[in-house]
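run_22.txt follows; it contains compact mmCIF, C-alpha atoms.
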```
# COMPACT_ATOMS: atom_id res chain seq x y z
CA LYS P 12 59.59 -118.27 113.83
CA VAL P 13 56.13 -119.49 114.70
CA GLN P 14 54.89 -120.12 111.15
CA ASP P 15 58.03 -122.10 110.25
CA ALA P 16 57.56 -124.14 113.41
CA LYS P 17 53.93 -124.77 112.52
CA LYS P 18 54.89 -126.18 109.11
CA SER P 19 57.49 -128.46 110.66
CA LEU P 20 55.05 -129.69 113.29
CA GLU P 21 52.38 -130.37 110.68
CA ASN P 22 54.89 -132.38 108.65
CA ALA P 23 55.92 -134.34 111.75
CA LEU P 24 52.28 -135.16 112.41
CA LYS P 25 51.91 -136.54 108.88
CA ILE P 26 54.82 -138.90 109.59
CA ASN P 27 53.49 -139.89 113.01
CA PRO P 28 49.80 -139.01 113.60
CA ASP P 29 50.06 -140.17 117.25
CA TYR P 30 52.90 -137.79 118.18
CA VAL P 31 51.40 -136.26 121.36
CA GLU P 32 54.02 -133.56 121.85
CA VAL P 33 53.52 -132.30 118.29
CA LYS P 34 49.73 -132.21 118.70
CA PHE P 35 50.14 -130.26 121.94
CA PHE P 36 52.39 -127.58 120.44
CA LEU P 37 50.19 -127.28 117.37
CA ASP P 38 47.32 -126.58 119.76
CA ALA P 39 49.41 -123.84 121.35
CA ILE P 40 50.21 -122.26 117.96
CA ASN P 41 46.63 -122.56 116.70
CA GLY P 42 45.14 -121.00 119.84
CA ASN P 43 43.49 -124.20 121.08
CA THR P 44 43.44 -124.98 124.79
CA PRO P 45 43.31 -128.67 125.76
CA LYS P 46 42.42 -129.39 129.39
CA THR P 47 45.95 -130.42 130.33
CA ALA P 48 49.37 -131.13 128.88
CA PRO P 49 49.93 -134.78 127.82
CA ARG P 50 51.31 -136.89 130.66
CA PHE P 51 54.03 -138.39 128.43
CA TYR P 52 55.24 -134.94 127.39
CA VAL P 53 55.45 -133.55 130.95
CA GLU P 54 57.07 -136.69 132.37
CA LYS P 55 59.67 -136.76 129.58
CA LEU P 56 60.33 -133.02 129.88
CA PHE P 57 61.15 -133.16 133.59
CA ASP P 58 63.03 -136.45 133.43
CA GLU P 59 65.35 -134.83 130.88
CA PHE P 60 65.48 -131.56 132.84
CA SER P 61 66.17 -133.20 136.21
CA VAL P 62 70.01 -133.24 136.18
CA ASN P 63 70.39 -129.45 136.02
CA PHE P 64 66.94 -128.49 137.34
CA ASP P 65 67.82 -126.77 140.64
CA ASN P 66 70.77 -124.82 139.24
CA HIS P 67 68.87 -123.69 136.13
CA LEU P 68 65.75 -122.61 137.98
CA LEU P 69 67.43 -120.81 140.86
CA ASN P 70 70.40 -119.26 139.07
CA SER P 71 69.47 -118.89 135.39
CA LEU P 72 65.75 -118.13 135.77
CA SER P 73 65.83 -116.22 139.09
CA TYR P 74 63.13 -118.49 140.48
CA ASP P 75 62.20 -117.82 144.11
CA ALA P 76 58.61 -119.11 144.39
CA PRO P 77 59.42 -121.65 147.16
CA GLN P 78 60.86 -118.90 149.37
CA ARG P 79 57.90 -116.61 148.62
CA VAL P 80 55.42 -119.37 149.44
CA LYS P 81 57.12 -120.00 152.77
CA ASP P 82 57.23 -116.28 153.64
CA ILE P 83 53.53 -115.77 152.84
CA LEU P 84 52.54 -118.89 154.71
CA ILE P 85 54.47 -118.01 157.84
CA ALA P 86 53.55 -114.31 157.79
CA SER P 87 49.82 -114.97 157.39
CA ASN P 88 49.51 -117.82 159.87
CA LYS P 89 49.14 -117.62 163.63
CA LYS P 90 50.14 -121.27 163.66
CA LYS P 91 53.77 -121.56 162.55
CA TYR P 92 53.91 -125.34 162.60
CA PHE P 93 51.87 -127.93 160.70
CA GLU P 94 51.28 -131.52 161.69
CA ASN P 95 51.47 -132.66 158.05
CA ILE P 96 52.10 -131.11 154.63
CA LEU P 97 51.47 -132.47 151.13
CA ASP P 98 53.72 -131.20 148.31
CA LEU P 99 51.83 -131.71 145.03
CA GLY P 100 54.27 -131.86 142.13
CA CYS P 101 57.23 -131.79 144.50
CA GLY P 102 59.84 -132.01 141.74
CA SER P 103 63.37 -132.01 143.13
CA GLY P 104 62.16 -130.85 146.55
CA LEU P 105 62.74 -127.08 146.40
CA VAL P 106 59.52 -126.33 148.32
CA GLY P 107 60.12 -129.23 150.68
CA GLN P 108 63.47 -127.74 151.64
CA GLU P 109 61.78 -124.48 152.63
CA LEU P 110 58.93 -126.08 154.60
CA ARG P 111 60.57 -129.09 156.25
CA THR P 112 61.29 -127.30 159.54
CA TYR P 113 57.64 -126.19 159.78
CA CYS P 114 56.04 -129.62 159.89
CA ARG P 115 56.21 -133.01 161.55
CA TYR P 116 55.40 -135.00 158.39
CA LEU P 117 56.06 -134.11 154.73
CA GLU P 118 54.77 -136.11 151.77
CA GLY P 119 55.54 -135.46 148.10
CA VAL P 120 54.18 -136.67 144.77
CA ASP P 121 55.51 -136.06 141.26
CA LEU P 122 55.04 -137.34 137.73
CA SER P 123 58.78 -137.46 136.99
CA LYS P 124 60.60 -140.50 138.33
CA LYS P 125 63.99 -138.82 138.00
CA MET P 126 62.78 -135.77 139.92
CA ILE P 127 61.54 -138.06 142.69
CA GLU P 128 64.98 -139.69 142.81
CA ILE P 129 66.63 -136.29 143.31
CA ALA P 130 64.12 -135.33 146.03
CA LYS P 131 64.74 -138.66 147.77
CA LYS P 132 68.47 -137.99 147.98
CA LYS P 133 67.81 -134.75 149.88
CA GLU P 134 66.21 -136.79 152.70
CA ILE P 135 63.60 -134.16 153.54
CA TYR P 136 60.38 -136.09 152.72
CA ASP P 137 58.87 -138.77 154.93
CA LYS P 138 57.21 -140.37 151.89
CA LEU P 139 57.42 -139.85 148.13
CA TYR P 140 55.14 -141.10 145.34
CA HIS P 141 55.90 -141.32 141.62
CA GLU P 142 52.39 -140.70 140.37
CA GLU P 143 50.16 -138.35 138.41
CA ILE P 144 48.54 -135.80 140.74
CA THR P 145 44.85 -136.52 140.13
CA ASN P 146 45.46 -140.28 140.36
CA TYR P 147 47.21 -139.74 143.65
CA LEU P 148 44.48 -137.49 145.06
CA SER P 149 41.70 -139.86 144.02
CA THR P 150 43.27 -143.07 145.36
CA LYS P 151 45.18 -142.09 148.53
CA SER P 152 43.89 -141.31 152.00
CA LEU P 153 44.31 -137.56 152.51
CA ASN P 154 44.58 -135.91 155.90
CA PHE P 155 46.75 -132.82 155.46
CA GLU P 156 46.68 -129.47 157.23
CA LEU P 157 48.53 -127.86 154.34
CA ILE P 158 48.68 -128.70 150.63
CA VAL P 159 51.23 -126.80 148.55
CA SER P 160 51.92 -126.78 144.80
CA THR P 161 54.44 -124.49 143.09
CA ASP P 162 55.13 -124.22 139.35
CA VAL P 163 52.91 -127.24 138.70
CA PHE P 164 49.63 -125.86 137.39
CA ASN P 165 51.58 -124.36 134.47
CA TYR P 166 51.25 -127.86 132.98
CA ILE P 167 47.64 -128.45 134.03
CA GLY P 168 45.08 -126.19 132.41
CA ASN P 169 41.78 -127.28 133.94
CA LEU P 170 42.16 -127.31 137.74
CA GLU P 171 38.58 -128.26 138.58
CA GLU P 172 39.30 -131.92 139.36
CA ILE P 173 42.17 -130.99 141.68
CA PHE P 174 40.01 -128.52 143.63
CA LYS P 175 37.20 -131.06 143.82
CA LEU P 176 39.42 -133.90 145.06
CA ILE P 177 41.12 -131.77 147.71
CA LYS P 178 37.76 -130.54 148.97
CA THR P 179 36.04 -133.94 149.00
CA LYS P 180 38.91 -136.30 149.87
CA ASN P 181 40.91 -134.47 152.53
CA ALA P 182 39.74 -135.63 155.97
CA THR P 183 40.43 -132.36 157.78
CA LYS P 184 40.06 -128.65 157.08
CA GLY P 185 43.24 -127.07 155.84
CA GLU P 186 45.06 -124.63 153.60
CA PHE P 187 45.95 -124.83 149.92
CA ILE P 188 48.76 -122.59 148.70
CA PHE P 189 49.94 -122.60 145.09
CA THR P 190 51.41 -120.58 142.23
CA THR P 191 50.23 -120.04 138.67
CA GLU P 192 51.49 -118.24 135.62
CA HIS P 193 49.19 -115.25 135.67
CA SER P 194 46.85 -114.26 132.86
CA GLU P 195 44.66 -111.19 132.47
CA LEU P 196 42.43 -113.19 130.14
CA SER P 197 39.44 -115.09 131.50
CA ASN P 198 39.66 -118.77 132.38
CA PHE P 199 42.96 -120.49 131.51
CA SER P 200 44.99 -120.49 128.30
CA LEU P 201 47.80 -122.45 126.65
CA ASN P 202 50.76 -120.29 125.71
CA LEU P 203 53.34 -120.77 122.95
CA SER P 204 55.77 -121.87 125.67
CA GLY P 205 53.70 -125.03 126.14
CA ARG P 206 52.66 -123.84 129.60
CA TYR P 207 49.27 -122.71 130.88
CA SER P 208 48.40 -119.42 132.53
CA HIS P 209 45.37 -118.87 134.78
CA SER P 210 43.39 -115.76 135.61
CA TYR P 211 42.32 -114.61 139.06
CA GLU P 212 38.70 -114.86 137.89
CA TYR P 213 39.18 -118.55 137.10
CA ILE P 214 40.67 -119.33 140.53
CA GLU P 215 37.91 -117.29 142.16
CA GLU P 216 35.27 -119.23 140.22
CA LEU P 217 36.68 -122.60 141.36
CA SER P 218 36.99 -121.34 144.92
CA LEU P 219 33.33 -120.34 144.99
CA LYS P 220 32.24 -123.61 143.40
CA PHE P 221 34.08 -125.82 145.91
CA ASN P 222 33.85 -123.54 148.95
CA PHE P 223 37.48 -122.43 149.24
CA LEU P 224 38.16 -119.05 150.82
CA ILE P 225 40.83 -116.90 149.15
CA ARG P 226 42.90 -115.48 152.01
CA HIS P 227 45.82 -114.18 149.98
CA HIS P 228 46.45 -113.32 146.34
CA GLU P 229 49.59 -111.71 145.02
CA ILE P 230 50.98 -111.00 141.55
CA PHE P 231 54.77 -111.35 141.27
CA GLU P 232 57.57 -112.14 138.82
CA LEU P 233 57.59 -115.94 138.64
CA ARG P 234 60.83 -116.29 136.67
CA SER P 235 62.94 -114.76 133.92
CA GLU P 236 62.76 -116.26 130.46
CA ALA P 237 64.43 -115.04 127.25
CA ASN P 238 65.27 -111.80 129.08
CA LYS P 239 61.61 -111.24 129.94
CA LYS P 240 59.79 -111.47 133.25
CA VAL P 241 57.08 -114.12 133.44
CA PRO P 242 54.11 -112.86 135.53
CA GLY P 243 52.95 -115.24 138.21
CA ALA P 244 50.48 -115.36 141.08
CA ILE P 245 50.47 -116.90 144.55
CA TYR P 246 47.20 -117.95 146.18
CA ARG P 247 46.56 -119.01 149.76
CA LEU P 248 43.16 -120.67 150.18
CA GLU P 249 41.35 -122.16 153.17
CA PHE P 250 38.98 -125.11 152.84
```

As C-alpha cells, please, write out the structure in this file.
Amino acid sequence: KVQDAKKSLENALKINPDYVEVKFFLDAINGNTPKTAPRFYVEKLFDEFSVNFDNHLLNSLSYDAPQRVKDILIASNKKKYFENILDLGCGSGLVGQELRTYCRYLEGVDLSKKMIEIAKKKEIYDKLYHEEITNYLSTKSLNFELIVSTDVFNYIGNLEEIFKLIKTKNATKGEFIFTTEHSELSNFSLNLSGRYSHSYEYIEELSLKFNFLIRHHEIFELRSEANKKVPGAIYRLEF
C-alpha cells in the first residue's frame, strides 16, 4: 500500500520535520536516491535486529553469502591463507566465522554496537571497532591482504569513497571481495525496501577509476524476502 504509506510518512514529517527515517523512505517512494542511508537509521535498525539476526538471516531468509564468499575466495586463490583480513560491516560475525581458519589476524568494524557485542562473544576477531565504515577507513592504518564486505553496501548507495580509501590508504596490494543487491539499471538505486542495489556497470566504472581489477563477478540469489528471491552479486577485485 505504497500510496497510503506515502500519506502517513508525509504526515509524520509535518509533525517532525527532522525525522530522518521518514525522509529516507519518502525518498524511496518518490524515486529519489540519496548517496547513503542515514547513519541513525542503519544503526538503530541493526541494534534492534541483533538479537535474532543470525537465526533470521540463515533460516528464514536462506542467506548463504558468507559461505559463497569463502568458496569463491578459496577456489580462485592459489594462496589459501591470508596474513590479515578486514571484515567491513562485520555484523554478528557470520563472514568472520567462515574465514577465521584462513588467516592469522582478523579485524572487524560495524556501525551497530549490539552487533559488535554479539561478534565479540564468538571470539573469532582479534580486534573489533564500533565505527562507521568510511570514518574507520579514513582514520585507521590499513595493511590488509584481504578486505571483505557482505550485505553491507545495500545500505550505502555511493561506493566511491570506500573504493578511494581502500585504494589510497591500504599499505599493501590486496583483494576486495563483496556482495551487492544486483540491479540491471545503471548506477545505483534506492528500492522501496530501504536498501540500495548496484549495477555491474557501476562497479566496473569505480574499478576503472581507482585501478581495481575485476577477477570474478557472479549473479546469485542473495536471500528470500516475501516469498521472492532477491538478486545479488559477488565481486572479487584485486588492487

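Atom to atom, atom CA of P:Glu94 and atom CA of P:Ser160 stand 17.6 Å apart.
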
Spatial neighbours of stretch 175-187 of chain P, max dist 9 Å, all atoms listed in the file, sep filter under 5 positions, as a PyMOL selection string: chain P and resi 145+148-149+151-160+170+217+220-223+246-250

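Pairwise distance (atom CA of P:Ile96, atom CA of P:Leu233) equals 22.7 Å.
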
Residue nearest P:Thr47 - candidates P:Ser208, P:Ser197, P:Asn169, P:Ser235, atoms counted: all atoms listed in the file: P:Asn169

Residue neighbourhood P:Asn202, 10 Å, only C-alpha atoms, exclusion window fewer than 5 positions, as a PyMOL selection string: chain P and resi 36+38-40+42-44+165+207-208

Give the centre and edge lengths of an axis-aligned box, in Å to one decimal, that holds all listed atoms of stretch 37-48 of chain P with 3 Å on each side, as JSON.
```
{"center_x": 46.3, "center_y": -126.1, "center_z": 123.5, "size_x": 13.8, "size_y": 16.1, "size_z": 19.6}
```

Among the residues P:Tyr30, P:Phe35, P:Tyr140, P:Phe60, the one that comes closest to P:Leu99 [using all atoms listed in the file]: P:Tyr140

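Each of P:Val62, P:Ile214, P:Val241, P:Val53 was checked against P:Leu122 using all atoms listed in the file; the smallest atom-to-atom distance is that of P:Val53.
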
Residue neighbourhood P:Arg111, 12 Å, all atoms listed in the file, exclusion window fewer than 2 positions, as a ChimeraX atom specification: /P:77,81,91-98,104-109,113-119,133-137

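Of the residues listed (P:Ile188, P:Asp29, P:Ser210, P:Gly100), P:Ile188 shows the shortest atom-to-atom separation from P:Ile225; distances use all atoms listed in the file.
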
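Rounded to one decimal, atom CA of P:Leu196 and atom CA of P:Glu212 lie 8.8 Å from each other.
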
Proximity to P:Asp82 - best of P:Leu110, P:Ala130, P:Leu20, P:Leu219, all atoms listed in the file: P:Leu110

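When only C-alpha atoms are used to measure the gap to P:Lys46, the shortest distance among P:Ala16, P:Ile167, P:Ala244, P:Ile127 belongs to P:Ile167.
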
Protein/DNA/RNA residues near (57.2, -137.9, 140.5), cut 12 Å, all atoms listed in the file, as a ChimeraX atom specification: /P:50,53-55,57-58,61,98-104,118-131,138-144,146-147,163

Could you rebuild stretch 24-48 of chain P with N, CA, C and O atoms and give it back as a PDB file, in the coordinates of the input?
```pdb
ATOM      1  N   LEU P  24      53.541-134.476 112.114  1.00  0.00           N
ATOM      2  CA  LEU P  24      52.280-135.160 112.410  1.00  0.00           C
ATOM      3  C   LEU P  24      51.841-136.060 111.249  1.00  0.00           C
ATOM      4  O   LEU P  24      51.202-137.090 111.463  1.00  0.00           O
ATOM      5  N   LYS P  25      52.210-135.685 110.032  1.00  0.00           N
ATOM      6  CA  LYS P  25      51.910-136.540 108.880  1.00  0.00           C
ATOM      7  C   LYS P  25      52.718-137.843 108.952  1.00  0.00           C
ATOM      8  O   LYS P  25      52.242-138.912 108.589  1.00  0.00           O
ATOM      9  N   ILE P  26      53.958-137.727 109.439  1.00  0.00           N
ATOM     10  CA  ILE P  26      54.820-138.900 109.590  1.00  0.00           C
ATOM     11  C   ILE P  26      54.325-139.784 110.732  1.00  0.00           C
ATOM     12  O   ILE P  26      54.272-141.005 110.611  1.00  0.00           O
ATOM     13  N   ASN P  27      53.966-139.144 111.839  1.00  0.00           N
ATOM     14  CA  ASN P  27      53.490-139.890 113.010  1.00  0.00           C
ATOM     15  C   ASN P  27      52.249-139.206 113.570  1.00  0.00           C
ATOM     16  O   ASN P  27      52.352-138.294 114.390  1.00  0.00           O
ATOM     17  N   PRO P  28      51.051-139.648 113.165  1.00  0.00           N
ATOM     18  CA  PRO P  28      49.800-139.010 113.600  1.00  0.00           C
ATOM     19  C   PRO P  28      49.544-139.114 115.111  1.00  0.00           C
ATOM     20  O   PRO P  28      48.697-138.386 115.637  1.00  0.00           O
ATOM     21  N   ASP P  29      50.269-139.989 115.808  1.00  0.00           N
ATOM     22  CA  ASP P  29      50.060-140.170 117.250  1.00  0.00           C
ATOM     23  C   ASP P  29      51.094-139.428 118.095  1.00  0.00           C
ATOM     24  O   ASP P  29      51.237-139.689 119.285  1.00  0.00           O
ATOM     25  N   TYR P  30      51.827-138.514 117.497  1.00  0.00           N
ATOM     26  CA  TYR P  30      52.900-137.790 118.180  1.00  0.00           C
ATOM     27  C   TYR P  30      52.286-136.738 119.129  1.00  0.00           C
ATOM     28  O   TYR P  30      51.936-135.641 118.717  1.00  0.00           O
ATOM     29  N   VAL P  31      52.159-137.094 120.418  1.00  0.00           N
ATOM     30  CA  VAL P  31      51.400-136.260 121.360  1.00  0.00           C
ATOM     31  C   VAL P  31      52.036-134.897 121.582  1.00  0.00           C
ATOM     32  O   VAL P  31      51.336-133.894 121.747  1.00  0.00           O
ATOM     33  N   GLU P  32      53.352-134.850 121.628  1.00  0.00           N
ATOM     34  CA  GLU P  32      54.020-133.560 121.850  1.00  0.00           C
ATOM     35  C   GLU P  32      53.740-132.601 120.697  1.00  0.00           C
ATOM     36  O   GLU P  32      53.510-131.404 120.906  1.00  0.00           O
ATOM     37  N   VAL P  33      53.767-133.121 119.473  1.00  0.00           N
ATOM     38  CA  VAL P  33      53.520-132.300 118.290  1.00  0.00           C
ATOM     39  C   VAL P  33      52.083-131.767 118.311  1.00  0.00           C
ATOM     40  O   VAL P  33      51.836-130.583 118.057  1.00  0.00           O
ATOM     41  N   LYS P  34      51.137-132.633 118.609  1.00  0.00           N
ATOM     42  CA  LYS P  34      49.730-132.210 118.700  1.00  0.00           C
ATOM     43  C   LYS P  34      49.567-131.091 119.723  1.00  0.00           C
ATOM     44  O   LYS P  34      48.844-130.112 119.500  1.00  0.00           O
ATOM     45  N   PHE P  35      50.244-131.235 120.853  1.00  0.00           N
ATOM     46  CA  PHE P  35      50.140-130.260 121.940  1.00  0.00           C
ATOM     47  C   PHE P  35      50.663-128.888 121.498  1.00  0.00           C
ATOM     48  O   PHE P  35      50.015-127.857 121.724  1.00  0.00           O
ATOM     49  N   PHE P  36      51.828-128.868 120.852  1.00  0.00           N
ATOM     50  CA  PHE P  36      52.390-127.580 120.440  1.00  0.00           C
ATOM     51  C   PHE P  36      51.660-126.979 119.250  1.00  0.00           C
ATOM     52  O   PHE P  36      51.610-125.754 119.101  1.00  0.00           O
ATOM     53  N   LEU P  37      51.063-127.817 118.427  1.00  0.00           N
ATOM     54  CA  LEU P  37      50.190-127.280 117.370  1.00  0.00           C
ATOM     55  C   LEU P  37      48.962-126.624 117.977  1.00  0.00           C
ATOM     56  O   LEU P  37      48.489-125.593 117.488  1.00  0.00           O
ATOM     57  N   ASP P  38      48.431-127.212 119.044  1.00  0.00           N
ATOM     58  CA  ASP P  38      47.320-126.580 119.760  1.00  0.00           C
ATOM     59  C   ASP P  38      47.723-125.200 120.253  1.00  0.00           C
ATOM     60  O   ASP P  38      46.960-124.224 120.147  1.00  0.00           O
ATOM     61  N   ALA P  39      48.935-125.119 120.819  1.00  0.00           N
ATOM     62  CA  ALA P  39      49.410-123.840 121.350  1.00  0.00           C
ATOM     63  C   ALA P  39      49.515-122.798 120.232  1.00  0.00           C
ATOM     64  O   ALA P  39      49.087-121.643 120.391  1.00  0.00           O
ATOM     65  N   ILE P  40      50.053-123.184 119.088  1.00  0.00           N
ATOM     66  CA  ILE P  40      50.210-122.260 117.960  1.00  0.00           C
ATOM     67  C   ILE P  40      48.860-121.858 117.376  1.00  0.00           C
ATOM     68  O   ILE P  40      48.648-120.700 117.008  1.00  0.00           O
ATOM     69  N   ASN P  41      47.935-122.817 117.317  1.00  0.00           N
ATOM     70  CA  ASN P  41      46.630-122.560 116.700  1.00  0.00           C
ATOM     71  C   ASN P  41      45.618-121.927 117.651  1.00  0.00           C
ATOM     72  O   ASN P  41      44.464-121.692 117.274  1.00  0.00           O
ATOM     73  N   GLY P  42      46.038-121.654 118.892  1.00  0.00           N
ATOM     74  CA  GLY P  42      45.140-121.000 119.840  1.00  0.00           C
ATOM     75  C   GLY P  42      44.135-121.928 120.482  1.00  0.00           C
ATOM     76  O   GLY P  42      43.144-121.468 121.064  1.00  0.00           O
ATOM     77  N   ASN P  43      44.365-123.230 120.395  1.00  0.00           N
ATOM     78  CA  ASN P  43      43.490-124.200 121.080  1.00  0.00           C
ATOM     79  C   ASN P  43      43.993-124.412 122.503  1.00  0.00           C
ATOM     80  O   ASN P  43      45.179-124.255 122.787  1.00  0.00           O
ATOM     81  N   THR P  44      43.076-124.796 123.391  1.00  0.00           N
ATOM     82  CA  THR P  44      43.440-124.980 124.790  1.00  0.00           C
ATOM     83  C   THR P  44      42.925-126.316 125.308  1.00  0.00           C
ATOM     84  O   THR P  44      41.806-126.399 125.836  1.00  0.00           O
ATOM     85  N   PRO P  45      43.709-127.398 125.159  1.00  0.00           N
ATOM     86  CA  PRO P  45      43.310-128.670 125.760  1.00  0.00           C
ATOM     87  C   PRO P  45      43.298-128.560 127.283  1.00  0.00           C
ATOM     88  O   PRO P  45      43.908-127.654 127.851  1.00  0.00           O
ATOM     89  N   LYS P  46      42.600-129.484 127.936  1.00  0.00           N
ATOM     90  CA  LYS P  46      42.420-129.390 129.390  1.00  0.00           C
ATOM     91  C   LYS P  46      43.725-129.495 130.157  1.00  0.00           C
ATOM     92  O   LYS P  46      43.876-128.911 131.228  1.00  0.00           O
ATOM     93  N   THR P  47      44.679-130.261 129.626  1.00  0.00           N
ATOM     94  CA  THR P  47      45.950-130.420 130.330  1.00  0.00           C
ATOM     95  C   THR P  47      47.022-130.826 129.328  1.00  0.00           C
ATOM     96  O   THR P  47      46.724-131.263 128.209  1.00  0.00           O
ATOM     97  N   ALA P  48      48.272-130.677 129.712  1.00  0.00           N
ATOM     98  CA  ALA P  48      49.370-131.130 128.880  1.00  0.00           C
ATOM     99  C   ALA P  48      49.425-132.662 128.911  1.00  0.00           C
ATOM    100  O   ALA P  48      49.091-133.269 129.927  1.00  0.00           O
TER     101      ALA P  48
END
```
